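Okay, structure25.tsv is below, TSV, C-alpha atoms:
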```
chain	number	residue	atom	x	y	z
A	1	MET	CA	100.79	115.74	104.83
A	2	HIS	CA	99.62	112.69	102.95
A	3	GLU	CA	100.95	110.83	106.00
A	4	TRP	CA	97.63	111.80	107.60
A	5	ALA	CA	95.67	109.72	105.14
A	6	LEU	CA	97.80	106.67	105.93
A	7	ALA	CA	97.63	107.27	109.69
A	8	GLU	CA	93.86	107.49	109.36
A	9	ALA	CA	93.91	104.15	107.53
A	10	VAL	CA	95.89	102.55	110.38
A	11	ILE	CA	93.45	103.77	113.03
A	12	SER	CA	90.40	102.73	110.97
A	13	THR	CA	91.89	99.24	110.68
A	14	ALA	CA	92.68	99.08	114.41
A	15	LEU	CA	89.12	100.09	115.30
A	16	LYS	CA	87.68	97.50	112.93
A	17	VAL	CA	89.86	94.73	114.35
A	18	SER	CA	89.02	95.84	117.86
A	19	LYS	CA	85.30	95.63	117.12
A	20	LYS	CA	85.67	92.21	115.51
A	21	GLU	CA	87.75	90.87	118.41
A	22	LYS	CA	85.46	92.56	120.95
A	23	PHE	CA	88.35	94.36	122.63
A	24	LYS	CA	87.51	96.70	125.48
A	25	GLY	CA	90.68	98.57	124.72
A	26	ILE	CA	93.49	98.41	122.18
A	27	THR	CA	96.83	97.96	123.91
A	28	LYS	CA	99.34	97.87	121.09
A	29	ILE	CA	99.55	98.58	117.36
A	30	LYS	CA	102.70	97.37	115.65
A	31	ILE	CA	103.35	99.18	112.39
A	32	LYS	CA	105.97	98.47	109.79
A	33	MET	CA	107.10	101.46	107.76
A	34	GLY	CA	108.57	100.53	104.40
A	35	GLU	CA	111.49	102.72	103.43
A	36	LEU	CA	110.35	102.99	99.77
A	37	GLN	CA	107.44	105.26	100.70
A	38	GLN	CA	109.73	107.63	102.63
A	39	ILE	CA	107.12	108.46	105.23
A	40	ASP	CA	107.95	111.39	107.47
A	41	ILE	CA	107.87	109.56	110.81
A	42	GLU	CA	107.36	112.73	112.86
A	43	ILE	CA	104.31	113.80	110.85
A	44	PHE	CA	102.97	110.23	110.85
A	45	GLU	CA	103.29	109.91	114.64
A	46	PHE	CA	101.76	113.35	115.13
A	47	ALA	CA	98.86	112.43	112.83
A	48	LEU	CA	98.32	109.16	114.70
A	49	LYS	CA	98.12	111.02	118.03
A	50	GLU	CA	95.72	113.60	116.61
A	51	ILE	CA	93.46	110.94	115.11
A	52	ILE	CA	93.58	108.81	118.27
A	53	GLN	CA	92.59	111.75	120.51
A	54	PRO	CA	88.83	111.76	119.77
A	55	GLN	CA	88.77	107.94	119.76
A	56	LYS	CA	89.33	107.67	123.50
A	57	PRO	CA	88.85	105.60	125.61
A	58	ILE	CA	89.31	102.59	123.34
A	59	LEU	CA	92.73	103.78	122.15
A	60	ARG	CA	93.77	105.58	125.35
A	61	LYS	CA	96.28	102.94	126.40
A	62	ALA	CA	97.37	101.94	122.92
A	63	LYS	CA	101.12	101.78	122.50
A	64	ILE	CA	102.26	102.46	118.97
A	65	GLU	CA	105.35	100.59	117.83
A	66	LEU	CA	106.94	101.73	114.60
A	67	GLU	CA	109.49	99.60	112.84
A	68	ILE	CA	111.35	100.94	109.83
A	69	GLU	CA	111.91	98.30	107.18
A	70	ARG	CA	114.67	98.81	104.65
A	71	ALA	CA	113.44	98.53	101.08
A	72	ILE	CA	115.07	95.78	99.06
A	73	LEU	CA	114.52	95.52	95.31
A	74	LYS	CA	115.13	92.42	93.20
A	75	CYS	CA	115.46	92.35	89.44
A	76	ARG	CA	113.11	89.88	87.77
A	77	ILE	CA	115.42	89.59	84.77
A	78	CYS	CA	118.91	89.04	86.22
A	79	GLY	CA	118.04	88.32	89.85
A	80	HIS	CA	120.24	91.11	91.24
A	81	LYS	CA	119.19	92.44	94.65
A	82	TRP	CA	119.87	95.99	95.78
A	83	ALA	CA	118.82	98.46	98.44
A	84	PHE	CA	116.50	101.38	97.70
A	85	GLY	CA	118.76	103.39	100.00
A	86	ASP	CA	121.45	103.23	97.30
A	87	ALA	CA	119.05	103.98	94.44
A	88	ILE	CA	117.52	107.04	96.07
A	89	LYS	CA	120.83	108.88	96.00
A	90	LYS	CA	120.53	109.11	92.22
A	91	LEU	CA	116.98	110.52	92.26
A	92	ASN	CA	116.13	114.21	92.24
A	93	GLU	CA	113.64	115.68	94.70
A	94	GLU	CA	110.67	115.50	92.32
A	95	GLU	CA	111.31	111.84	91.45
A	96	SER	CA	111.76	110.91	95.07
A	97	GLU	CA	108.56	112.73	96.04
A	98	SER	CA	106.58	110.96	93.33
A	99	ILE	CA	107.69	107.60	94.79
A	100	HIS	CA	106.63	108.89	98.20
A	101	PHE	CA	103.06	109.39	96.92
A	102	VAL	CA	102.80	106.18	94.89
A	103	PRO	CA	105.69	103.78	95.59
A	104	GLU	CA	105.10	101.94	92.29
A	105	ILE	CA	106.42	105.05	90.54
A	106	ALA	CA	109.83	103.56	91.44
A	107	HIS	CA	109.41	101.63	88.17
A	108	VAL	CA	109.57	104.93	86.29
A	109	TYR	CA	112.77	106.23	87.81
A	110	ILE	CA	114.73	103.23	89.08
A	111	ARG	CA	116.51	100.62	86.99
A	112	CYS	CA	118.37	97.46	87.97
A	113	PRO	CA	121.97	98.61	88.54
A	114	LYS	CA	123.24	95.44	86.82
A	115	CYS	CA	121.05	94.98	83.72
A	116	LYS	CA	119.13	98.32	83.63
A	117	SER	CA	115.71	96.62	83.68
A	118	PRO	CA	112.64	98.35	85.19
A	119	ASP	CA	111.16	94.89	85.83
A	120	PHE	CA	111.98	94.45	89.49
A	121	GLU	CA	110.02	93.50	92.56
A	122	VAL	CA	109.95	95.20	95.91
A	123	VAL	CA	110.99	92.26	98.07
A	124	LYS	CA	110.32	94.22	101.25
A	125	GLY	CA	109.88	97.71	102.57
A	126	ARG	CA	107.17	99.07	100.26
A	127	GLY	CA	104.92	101.12	102.53
A	128	VAL	CA	102.81	101.22	105.67
A	129	TRP	CA	101.83	97.80	107.00
A	130	ILE	CA	100.19	96.69	110.26
A	131	ASN	CA	102.05	93.79	111.82
A	132	SER	CA	99.63	93.30	114.69
A	133	ILE	CA	96.88	94.86	116.77
A	134	GLU	CA	96.66	93.77	120.39
A	135	GLY	CA	93.94	94.41	122.91
A	136	ARG	CA	92.00	93.03	125.81
B	1	MET	CA	97.34	93.84	107.39
B	2	ASP	CA	97.16	96.43	104.70
B	3	PRO	CA	95.64	99.49	106.44
B	4	ARG	CA	94.86	101.24	103.14
B	5	LEU	CA	92.03	98.85	102.33
B	6	GLU	CA	90.14	99.96	105.41
B	7	VAL	CA	89.96	103.62	104.46
B	8	ILE	CA	88.84	103.40	100.82
B	9	ASP	CA	85.10	103.17	101.60
B	10	LYS	CA	85.45	106.32	103.69
B	11	ARG	CA	87.17	108.16	100.82
B	12	LEU	CA	84.33	107.24	98.46
B	13	LYS	CA	81.54	107.73	100.99
B	14	ASN	CA	80.34	111.10	99.71
B	15	ILE	CA	80.26	110.12	96.06
B	16	LYS	CA	76.70	109.48	94.88
B	17	ARG	CA	77.40	107.70	91.61
B	18	LEU	CA	80.59	106.04	90.46
B	19	ILE	CA	80.65	105.19	86.76
B	20	ALA	CA	83.48	103.14	85.22
B	21	ILE	CA	83.87	103.57	81.47
B	22	SER	CA	84.98	100.22	80.15
B	23	GLY	CA	84.84	98.08	77.02
B	24	GLY	CA	87.70	95.66	77.01
B	25	LYS	CA	89.42	96.90	73.88
B	26	GLY	CA	91.82	99.78	73.46
B	27	GLY	CA	91.20	102.57	70.97
B	28	ILE	CA	87.39	102.48	71.12
B	29	GLY	CA	87.02	105.93	72.67
B	30	LYS	CA	86.81	105.17	76.39
B	31	SER	CA	88.94	108.13	77.43
B	32	LEU	CA	87.15	110.53	75.11
B	33	ILE	CA	83.78	109.35	76.35
B	34	ALA	CA	84.90	109.42	80.00
B	35	SER	CA	86.35	112.94	79.72
B	36	THR	CA	83.47	114.34	77.65
B	37	LEU	CA	80.91	112.71	79.92
B	38	ALA	CA	82.61	114.29	82.95
B	39	LEU	CA	82.65	117.70	81.24
B	40	THR	CA	79.01	117.36	80.17
B	41	LEU	CA	77.81	116.41	83.64
B	42	SER	CA	79.80	119.28	85.11
B	43	LYS	CA	78.24	121.73	82.62
B	44	LEU	CA	74.83	120.43	83.66
B	45	GLY	CA	75.58	121.55	87.20
B	46	TYR	CA	76.68	118.32	88.82
B	47	LYS	CA	79.76	118.01	91.01
B	48	VAL	CA	82.04	115.69	89.07
B	49	GLY	CA	85.34	113.89	89.52
B	50	LEU	CA	87.38	112.08	86.87
B	51	LEU	CA	89.84	109.31	87.73
B	52	ASP	CA	92.14	107.95	85.05
B	53	LEU	CA	92.96	104.36	85.99
B	54	ASP	CA	94.84	103.61	82.79
B	55	PHE	CA	98.42	103.53	84.09
B	56	CYS	CA	99.88	102.18	80.88
B	57	GLY	CA	98.31	104.71	78.53
B	58	PRO	CA	96.74	107.51	80.54
B	59	SER	CA	94.85	109.76	78.15
B	60	ALA	CA	92.23	111.83	79.95
B	61	HIS	CA	94.78	114.60	80.58
B	62	ILE	CA	95.47	114.76	76.84
B	63	VAL	CA	91.75	115.04	76.05
B	64	LEU	CA	91.36	117.79	78.64
B	65	GLY	CA	94.61	119.51	77.64
B	66	THR	CA	95.76	119.83	81.24
B	67	ARG	CA	99.01	121.62	81.85
B	68	GLY	CA	100.81	122.52	85.06
B	69	ILE	CA	98.20	121.19	87.47
B	70	TYR	CA	99.12	119.15	90.52
B	71	PRO	CA	97.21	117.79	93.52
B	72	LYS	CA	97.28	119.58	96.85
B	73	GLU	CA	98.39	117.80	100.01
B	74	GLU	CA	95.94	118.20	102.83
B	75	LYS	CA	95.53	115.22	105.12
B	76	GLY	CA	95.72	113.21	101.91
B	77	ILE	CA	95.64	114.24	98.28
B	78	ILE	CA	93.13	116.76	96.94
B	79	PRO	CA	92.72	116.43	93.17
B	80	PRO	CA	93.10	119.71	91.28
B	81	GLU	CA	90.01	121.10	89.61
B	82	ILE	CA	89.98	121.72	85.87
B	83	TYR	CA	86.91	122.85	83.89
B	84	GLY	CA	84.91	122.23	87.06
B	85	ILE	CA	86.10	118.61	87.30
B	86	LYS	CA	88.24	117.18	90.10
B	87	PHE	CA	90.83	115.31	88.09
B	88	MET	CA	93.11	112.54	89.35
B	89	SER	CA	95.66	110.70	87.26
B	90	ILE	CA	98.93	108.82	87.65
B	91	ILE	CA	100.53	111.39	85.33
B	92	TYR	CA	101.02	113.76	88.27
B	93	TYR	CA	103.64	111.33	89.50
B	94	ALA	CA	104.83	109.46	86.41
B	95	GLY	CA	104.86	112.49	84.12
B	96	ASP	CA	105.17	111.55	80.46
B	97	ASN	CA	107.33	108.55	81.30
B	98	PRO	CA	106.35	104.91	80.72
B	99	LEU	CA	105.18	103.11	83.85
B	100	PRO	CA	105.94	99.40	83.33
B	101	LEU	CA	103.95	97.67	86.06
B	102	ARG	CA	103.05	94.07	86.71
B	103	GLY	CA	99.68	93.04	88.15
B	104	ILE	CA	100.54	93.27	91.84
B	105	ASP	CA	102.05	96.71	91.29
B	106	VAL	CA	99.01	97.93	89.33
B	107	SER	CA	96.82	96.78	92.18
B	108	ASN	CA	99.04	98.43	94.79
B	109	ALA	CA	99.07	101.74	92.91
B	110	ILE	CA	95.25	101.67	92.56
B	111	ILE	CA	94.87	100.96	96.29
B	112	GLU	CA	97.29	103.78	97.11
B	113	LEU	CA	95.44	106.33	94.95
B	114	LEU	CA	92.05	105.31	96.34
B	115	ALA	CA	93.30	105.36	99.93
B	116	VAL	CA	94.83	108.82	99.84
B	117	THR	CA	92.66	110.77	97.39
B	118	ARG	CA	90.08	112.95	99.09
B	119	TRP	CA	87.32	113.62	96.57
B	120	GLY	CA	84.88	115.28	98.94
B	121	ARG	CA	81.24	115.41	97.89
B	122	LEU	CA	80.51	114.43	94.30
B	123	ASP	CA	77.41	113.67	92.29
B	124	PHE	CA	79.47	111.59	89.86
B	125	LEU	CA	82.93	110.08	89.81
B	126	ILE	CA	83.77	108.97	86.28
B	127	VAL	CA	86.52	106.35	86.05
B	128	ASP	CA	88.42	106.00	82.80
B	129	MET	CA	89.31	102.30	82.70
B	130	PRO	CA	92.23	100.71	80.87
B	131	PRO	CA	91.55	98.01	78.28
B	132	GLY	CA	91.02	94.48	79.57
B	133	ILE	CA	89.28	92.79	82.44
B	134	GLY	CA	92.38	92.35	84.57
B	135	ASP	CA	93.67	94.17	87.61
B	136	ALA	CA	91.98	97.55	87.17
B	137	THR	CA	88.57	96.03	86.46
B	138	LEU	CA	88.81	93.49	89.27
B	139	ASP	CA	90.04	96.14	91.70
B	140	THR	CA	87.30	98.55	90.67
B	141	ILE	CA	84.76	95.84	91.46
B	142	ARG	CA	86.53	94.84	94.70
B	143	LEU	CA	87.34	98.29	96.07
B	144	MET	CA	84.72	100.64	94.61
B	145	LYS	CA	81.64	98.79	95.68
B	146	LYS	CA	79.20	101.30	94.25
B	147	ALA	CA	80.78	101.20	90.78
B	148	GLU	CA	78.44	100.98	87.82
B	149	PHE	CA	79.87	100.11	84.42
B	150	LEU	CA	79.19	101.91	81.18
B	151	ILE	CA	80.31	99.79	78.26
B	152	VAL	CA	81.72	101.32	75.10
B	153	THR	CA	81.80	99.36	71.87
B	154	THR	CA	82.31	99.92	68.18
B	155	GLN	CA	80.81	98.08	65.22
B	156	SER	CA	83.99	96.09	64.71
B	157	LYS	CA	83.54	92.35	65.16
B	158	VAL	CA	86.91	92.30	66.87
B	159	THR	CA	85.68	94.79	69.49
B	160	LEU	CA	82.32	93.12	69.88
B	161	GLU	CA	83.80	89.74	70.77
B	162	THR	CA	85.76	91.35	73.63
B	163	VAL	CA	82.81	93.46	74.74
B	164	LYS	CA	80.76	90.26	75.05
B	165	LYS	CA	83.40	88.84	77.39
B	166	VAL	CA	83.34	92.02	79.49
B	167	LEU	CA	79.54	91.90	79.72
B	168	LYS	CA	79.63	88.19	80.58
B	169	ILE	CA	82.03	88.61	83.49
B	170	LEU	CA	80.28	91.73	84.82
B	171	LYS	CA	76.94	89.90	84.71
B	172	GLU	CA	78.45	86.86	86.41
B	173	LEU	CA	79.85	89.09	89.15
B	174	ARG	CA	76.49	90.86	89.40
B	175	VAL	CA	78.02	94.24	88.78
B	176	LEU	CA	75.61	96.98	87.80
B	177	ILE	CA	75.87	97.86	84.10
B	178	ILE	CA	74.15	101.11	83.26
B	179	GLY	CA	74.27	100.54	79.55
B	180	ILE	CA	76.11	100.34	76.26
B	181	ILE	CA	77.24	103.16	73.96
B	182	GLU	CA	78.04	102.36	70.35
B	183	ASN	CA	80.92	104.65	69.43
B	184	MET	CA	82.57	105.56	66.10
B	185	ARG	CA	79.56	104.42	64.10
B	186	ILE	CA	80.35	104.42	60.39
B	187	THR	CA	77.43	102.47	58.90
B	188	LYS	CA	73.78	102.02	59.77
B	189	SER	CA	74.44	98.34	60.52
B	190	PRO	CA	72.29	96.95	63.36
B	191	LEU	CA	75.09	94.52	64.26
B	192	VAL	CA	75.86	95.92	67.72
B	193	LYS	CA	72.27	95.87	68.94
B	194	LYS	CA	71.75	92.42	67.45
B	195	GLU	CA	74.94	90.91	68.87
B	196	LEU	CA	74.50	92.35	72.36
B	197	LYS	CA	70.73	91.87	72.66
B	198	ALA	CA	71.15	88.64	74.61
B	199	PHE	CA	72.82	90.54	77.46
B	200	ASN	CA	69.60	92.39	78.19
B	201	THR	CA	71.44	95.64	78.90
B	202	SER	CA	70.19	99.16	78.15
B	203	PHE	CA	71.38	100.59	74.86
B	204	LEU	CA	72.12	104.21	75.72
B	205	GLY	CA	72.85	105.50	72.25
B	206	GLU	CA	75.00	105.67	69.17
B	207	ILE	CA	77.75	108.13	68.38
B	208	GLU	CA	78.61	108.66	64.73
B	209	PHE	CA	82.28	108.69	63.74
B	210	ASP	CA	83.27	112.34	63.99
B	211	LYS	CA	86.09	113.39	61.67
B	212	ASP	CA	86.52	116.70	63.50
B	213	LEU	CA	87.01	115.09	66.88
B	214	GLU	CA	90.76	114.48	66.67
B	215	ASP	CA	91.52	118.18	66.10
B	216	SER	CA	89.55	119.12	69.20
B	217	ILE	CA	91.54	116.90	71.55
B	218	GLY	CA	93.23	119.09	74.15
B	219	ASP	CA	90.89	122.01	73.50
B	220	VAL	CA	87.87	121.57	75.76
B	221	ASN	CA	85.82	124.45	74.34
B	222	ARG	CA	86.22	123.06	70.85
B	223	LEU	CA	85.62	119.52	72.04
B	224	LEU	CA	82.28	120.43	73.60
B	225	LYS	CA	81.11	121.89	70.27
B	226	THR	CA	81.79	118.68	68.31
B	227	ASP	CA	79.00	116.38	67.14
B	228	PHE	CA	80.60	113.75	69.37
B	229	ALA	CA	80.11	115.87	72.51
B	230	GLN	CA	76.59	116.84	71.43
B	231	ASN	CA	75.79	113.14	71.11
B	232	ILE	CA	77.11	112.49	74.63
B	233	LYS	CA	74.97	115.35	75.92
B	234	LYS	CA	71.92	113.89	74.19
B	235	ILE	CA	72.61	110.50	75.79
B	236	VAL	CA	73.00	112.08	79.24
B	237	LEU	CA	69.81	114.11	78.90
B	238	ASN	CA	67.72	111.26	77.49
B	239	ALA	CA	68.91	108.28	79.50
B	240	PRO	CA	67.22	107.87	82.87
B	241	GLU	CA	70.43	106.08	83.92
B	242	PHE	CA	72.16	109.47	84.27
B	243	LYS	CA	69.65	111.15	86.48
B	244	SER	CA	71.11	111.89	89.88
B	245	LYS	CA	68.27	112.58	92.27
B	246	LYS	CA	69.47	115.85	93.62
B	247	LYS	CA	72.45	117.92	92.58
B	248	LEU	CA	74.91	118.74	95.35
```
Let's see the structure in the file written out as structure tokens.
Amino acid sequence: MHEWALAEAVISTALKVSKKEKFKGITKIKIKMGELQQIDIEIFEFALKEIIQPQKPILRKAKIELEIERAILKCRICGHKWAFGDAIKKLNEEESESIHFVPEIAHVYIRCPKCKSPDFEVVKGRGVWINSIEGR
Amino acid sequence: MDPRLEVIDKRLKNIKRLIAISGGKGGIGKSLIASTLALTLSKLGYKVGLLDLDFCGPSAHIVLGTRGIYPKEEKGIIPPEIYGIKFMSIIYYAGDNPLPLRGIDVSNAIIELLAVTRWGRLDFLIVDMPPGIGDATLDTIRLMKKAEFLIVTTQSKVTLETVKKVLKILKELRVLIIGIIENMRITKSPLVKKELKAFNTSFLGEIEFDKDLEDSIGDVNRLLKTDFAQNIKKIVLNAPEFKSKKKL
């Protein structure tokens, strides 16, 4: 249910942008969901709807677009690139859940498959990101 | 756009005072002071939270002797309560494992914790800072706008030179500094007061080096009976800087 906190953050940002841009209504919010954070999309969408509900009418016509972004990791030592999707298979439930709460915890449990270094960067697909907020 | 940044103010809205325990150097007693201060304020009837921002060497859980506690998920993260303190730390997720993070990752993890942690109403949130004036300090200033800094020093010249740098940057950034505590005092030397006088910052008190302190780590009841804890209590009761207008 920590998806709620992130959904709340998305709506707060949309409302702030809307105020700044003097929108009468928000028409579209494009959200990128990084695979590393393993957000439960159903809960996230449900939370968004629940949070939007009392915000009517400004968000009444807002279309929410969710795009899942695969997480790609790159070793800073040997340059090897690999997909989080492969790494997660080796994690137990507790480890995977810890990464869900704080994605940087990946540096505790994941190592470069080539050189075993924990010094890698998340090239893409870390967490929740707003690509754009449209309105009129 | 990072949506998390937009929700942090809301998460901290019902916290009256936010005090970051800093000092630049490691091993000067920041975690012990942060934890004991949180316990003392809680015993005095205030609603208190404790946030350990030291990802490299988290220690507040060791001072408090926490075992088997974990946050609750409820539209975010609710920190578990121990000895009356709402306690948040990276150890819930990293366990006893090393967490080798670079700057951008430290910053991201701080933002994540601040964006999802629901503290509720607090009189005081005490933040145990890591050594240095890097990511955690800059993010505390950037993201926790009501943060006030409490600076810990020792008599060591090595510590003092770093403490001066911390005070300089905090003053330059116009961050509120509630005062300085001289910890682990072993001689009556006036060096600390003399060296830091130019910074025109309140001197909250001195804490003598307490040989019994180490054995009390992890045992809160014993910790609160040490001379160290009694000194912290004295500082809290005497310094006007710790008065919170009305307890929640």
Sorted per-residue table, chain B near chain A, closest atoms and distance, 12 Å, only C-alpha atoms, as JSON lines:
```
{"residue": "B:Met1", "atom": "CA", "partner": "A:Ile130", "partner_atom": "CA", "distance": 4.9}
{"residue": "B:Asp2", "atom": "CA", "partner": "A:Trp129", "partner_atom": "CA", "distance": 5.4}
{"residue": "B:Pro3", "atom": "CA", "partner": "A:Val10", "partner_atom": "CA", "distance": 5.0}
{"residue": "B:Arg4", "atom": "CA", "partner": "A:Ala9", "partner_atom": "CA", "distance": 5.4}
{"residue": "B:Leu5", "atom": "CA", "partner": "A:Ala9", "partner_atom": "CA", "distance": 7.7}
{"residue": "B:Glu6", "atom": "CA", "partner": "A:Thr13", "partner_atom": "CA", "distance": 5.6}
{"residue": "B:Val7", "atom": "CA", "partner": "A:Ala9", "partner_atom": "CA", "distance": 5.0}
{"residue": "B:Ile8", "atom": "CA", "partner": "A:Ala9", "partner_atom": "CA", "distance": 8.4}
{"residue": "B:Asp9", "atom": "CA", "partner": "A:Ala9", "partner_atom": "CA", "distance": 10.7}
{"residue": "B:Lys10", "atom": "CA", "partner": "A:Ser12", "partner_atom": "CA", "distance": 9.5}
{"residue": "B:Arg11", "atom": "CA", "partner": "A:Ala5", "partner_atom": "CA", "distance": 9.7}
{"residue": "B:Phe55", "atom": "CA", "partner": "A:Ile105", "partner_atom": "CA", "distance": 10.4}
{"residue": "B:Cys56", "atom": "CA", "partner": "A:Val108", "partner_atom": "CA", "distance": 11.4}
{"residue": "B:Tyr70", "atom": "CA", "partner": "A:Ser98", "partner_atom": "CA", "distance": 11.4}
{"residue": "B:Pro71", "atom": "CA", "partner": "A:Phe101", "partner_atom": "CA", "distance": 10.8}
{"residue": "B:Lys72", "atom": "CA", "partner": "A:His2", "partner_atom": "CA", "distance": 9.5}
{"residue": "B:Glu73", "atom": "CA", "partner": "A:Met1", "partner_atom": "CA", "distance": 5.8}
{"residue": "B:Glu74", "atom": "CA", "partner": "A:Met1", "partner_atom": "CA", "distance": 5.8}
{"residue": "B:Lys75", "atom": "CA", "partner": "A:Trp4", "partner_atom": "CA", "distance": 4.7}
{"residue": "B:Gly76", "atom": "CA", "partner": "A:His2", "partner_atom": "CA", "distance": 4.1}
{"residue": "B:Ile77", "atom": "CA", "partner": "A:His2", "partner_atom": "CA", "distance": 6.3}
{"residue": "B:Ile78", "atom": "CA", "partner": "A:His2", "partner_atom": "CA", "distance": 9.7}
{"residue": "B:Ser89", "atom": "CA", "partner": "A:Val102", "partner_atom": "CA", "distance": 11.4}
{"residue": "B:Ile90", "atom": "CA", "partner": "A:Val102", "partner_atom": "CA", "distance": 8.6}
{"residue": "B:Ile91", "atom": "CA", "partner": "A:Ser98", "partner_atom": "CA", "distance": 10.0}
{"residue": "B:Tyr92", "atom": "CA", "partner": "A:Ser98", "partner_atom": "CA", "distance": 8.0}
{"residue": "B:Tyr93", "atom": "CA", "partner": "A:Ser98", "partner_atom": "CA", "distance": 4.8}
{"residue": "B:Ala94", "atom": "CA", "partner": "A:Ile105", "partner_atom": "CA", "distance": 6.2}
{"residue": "B:Gly95", "atom": "CA", "partner": "A:Val108", "partner_atom": "CA", "distance": 9.2}
{"residue": "B:Asp96", "atom": "CA", "partner": "A:Val108", "partner_atom": "CA", "distance": 9.9}
{"residue": "B:Asn97", "atom": "CA", "partner": "A:Val108", "partner_atom": "CA", "distance": 6.6}
{"residue": "B:Pro98", "atom": "CA", "partner": "A:Val108", "partner_atom": "CA", "distance": 6.4}
{"residue": "B:Leu99", "atom": "CA", "partner": "A:Val108", "partner_atom": "CA", "distance": 5.3}
{"residue": "B:Pro100", "atom": "CA", "partner": "A:His107", "partner_atom": "CA", "distance": 6.4}
{"residue": "B:Leu101", "atom": "CA", "partner": "A:His107", "partner_atom": "CA", "distance": 7.1}
{"residue": "B:Arg102", "atom": "CA", "partner": "A:Asp119", "partner_atom": "CA", "distance": 8.2}
{"residue": "B:Gly103", "atom": "CA", "partner": "A:Glu104", "partner_atom": "CA", "distance": 11.2}
{"residue": "B:Ile104", "atom": "CA", "partner": "A:Glu121", "partner_atom": "CA", "distance": 9.5}
{"residue": "B:Asp105", "atom": "CA", "partner": "A:Glu104", "partner_atom": "CA", "distance": 6.1}
{"residue": "B:Val106", "atom": "CA", "partner": "A:Glu104", "partner_atom": "CA", "distance": 7.9}
{"residue": "B:Ser107", "atom": "CA", "partner": "A:Glu104", "partner_atom": "CA", "distance": 9.8}
{"residue": "B:Asn108", "atom": "CA", "partner": "A:Glu104", "partner_atom": "CA", "distance": 7.4}
{"residue": "B:Ala109", "atom": "CA", "partner": "A:Glu104", "partner_atom": "CA", "distance": 6.1}
{"residue": "B:Ile110", "atom": "CA", "partner": "A:Val102", "partner_atom": "CA", "distance": 9.1}
{"residue": "B:Ile111", "atom": "CA", "partner": "A:Val102", "partner_atom": "CA", "distance": 9.6}
{"residue": "B:Glu112", "atom": "CA", "partner": "A:Val102", "partner_atom": "CA", "distance": 6.4}
{"residue": "B:Leu113", "atom": "CA", "partner": "A:Val102", "partner_atom": "CA", "distance": 7.4}
{"residue": "B:Leu114", "atom": "CA", "partner": "A:Ala5", "partner_atom": "CA", "distance": 10.5}
{"residue": "B:Ala115", "atom": "CA", "partner": "A:Ala5", "partner_atom": "CA", "distance": 7.2}
{"residue": "B:Val116", "atom": "CA", "partner": "A:Ala5", "partner_atom": "CA", "distance": 5.4}
{"residue": "B:Thr117", "atom": "CA", "partner": "A:Ala5", "partner_atom": "CA", "distance": 8.4}
{"residue": "B:Arg118", "atom": "CA", "partner": "A:Ala5", "partner_atom": "CA", "distance": 8.8}
```
Worksheet item: For the atom pair atom CA of Phe23 of chain A and atom CA of Ile52 of chain A, what is the interatomic distance in Å to one decimal place?
Response: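 Value for the atom CA of Phe23 of chain A-atom CA of Ile52 of chain A distance: 16.0 Å.
Distance check against Phe242 of chain B using only C-alpha atoms: of B:Ser31, B:Thr137, B:Thr154, B:Thr40, the minimum falls on B:Thr40.
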Practice prompt. Tell me, in Å to one decimal, how far atom CA of Pro113 of chain A is from atom CA of Arg76 of chain A.
Written response: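 A separation of 12.5 Å between them.
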Need the shell around segment 78-81 of chain A: protein/DNA/RNA residues with any atom at most 9 Å away, counting only C-alpha atoms. Skip same-chain ones fewer than 3 positions apart. Format as a short mmCIF file (atom, residue, chain, number, x, y, z; two decimals) with C-alpha atoms, keeping the file's coordinate frame?
```
data_model
loop_
_atom_site.label_atom_id
_atom_site.label_comp_id
_atom_site.auth_asym_id
_atom_site.auth_seq_id
_atom_site.Cartn_x
_atom_site.Cartn_y
_atom_site.Cartn_z
CA ILE A 72 115.07 95.78 99.06
CA LEU A 73 114.52 95.52 95.31
CA LYS A 74 115.13 92.42 93.20
CA CYS A 75 115.46 92.35 89.44
CA CYS A 112 118.37 97.46 87.97
CA PRO A 113 121.97 98.61 88.54
CA LYS A 114 123.24 95.44 86.82
CA CYS A 115 121.05 94.98 83.72
CA SER A 117 115.71 96.62 83.68
CA PHE A 120 111.98 94.45 89.49
CA VAL A 123 110.99 92.26 98.07
#
```
Item to complete: Just give me the gap between atom CA of Leu237 of chain B and atom CA of Lys30 of chain B in Å, one decimal is fine.
Response: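 One can read the atom CA of Leu237 of chain B to atom CA of Lys30 of chain B distance as 19.4 Å.
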Worksheet item: Which one is closest to Arg136 of chain A: A:Leu59, A:Ile51, A:Gly34, A:Leu91? Count all atoms listed in the file.
Response: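 Among the listed residues, A:Leu59 lies closest to Arg136 of chain A.
Distances from B:Thr187, B:Asn238, B:Thr66, B:Thr140 to Gln155 of chain B were compared using only C-alpha atoms, and the smallest one belongs to B:Thr187.
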Fill in: Residue with smallest distance to Phe203 of chain B - pool B:Ile181, B:Ile85, B:Val48, B:Leu64, counting only C-alpha atoms
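So, comparing all the options, the nearest one is B:Ile181.
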Item to complete: Pick out the residues sitting within 8 Å of Lys28 of chain A, and hand them over as number ranges by chain; count all atoms listed in the file, and ignore anything fewer than 4 positions along from it in its own chain.
Response: A: 61-65, 132-135
Practice prompt. Would you kindly return, as a PyMOL selection string, each protein, DNA or RNA residue with an atom no farther than 8 Å from any atom of Asp219 of chain B, considering only C-alpha atoms and excluding same-chain residues fewer than 4 positions away?
Written response: chain B and resi 63-65+223
Would you compute the box with edges along x, y and z of the file around segment 39-55 of chain B, including every atom the file lists for it and 3 Å extra on each side, and give its centre and edge lengths in Å to one decimal, as lines of an AutoDock Vina configuration file?
```
center_x = 86.6
center_y = 112.6
center_z = 85.6
size_x = 29.6
size_y = 24.2
size_z = 16.8
```
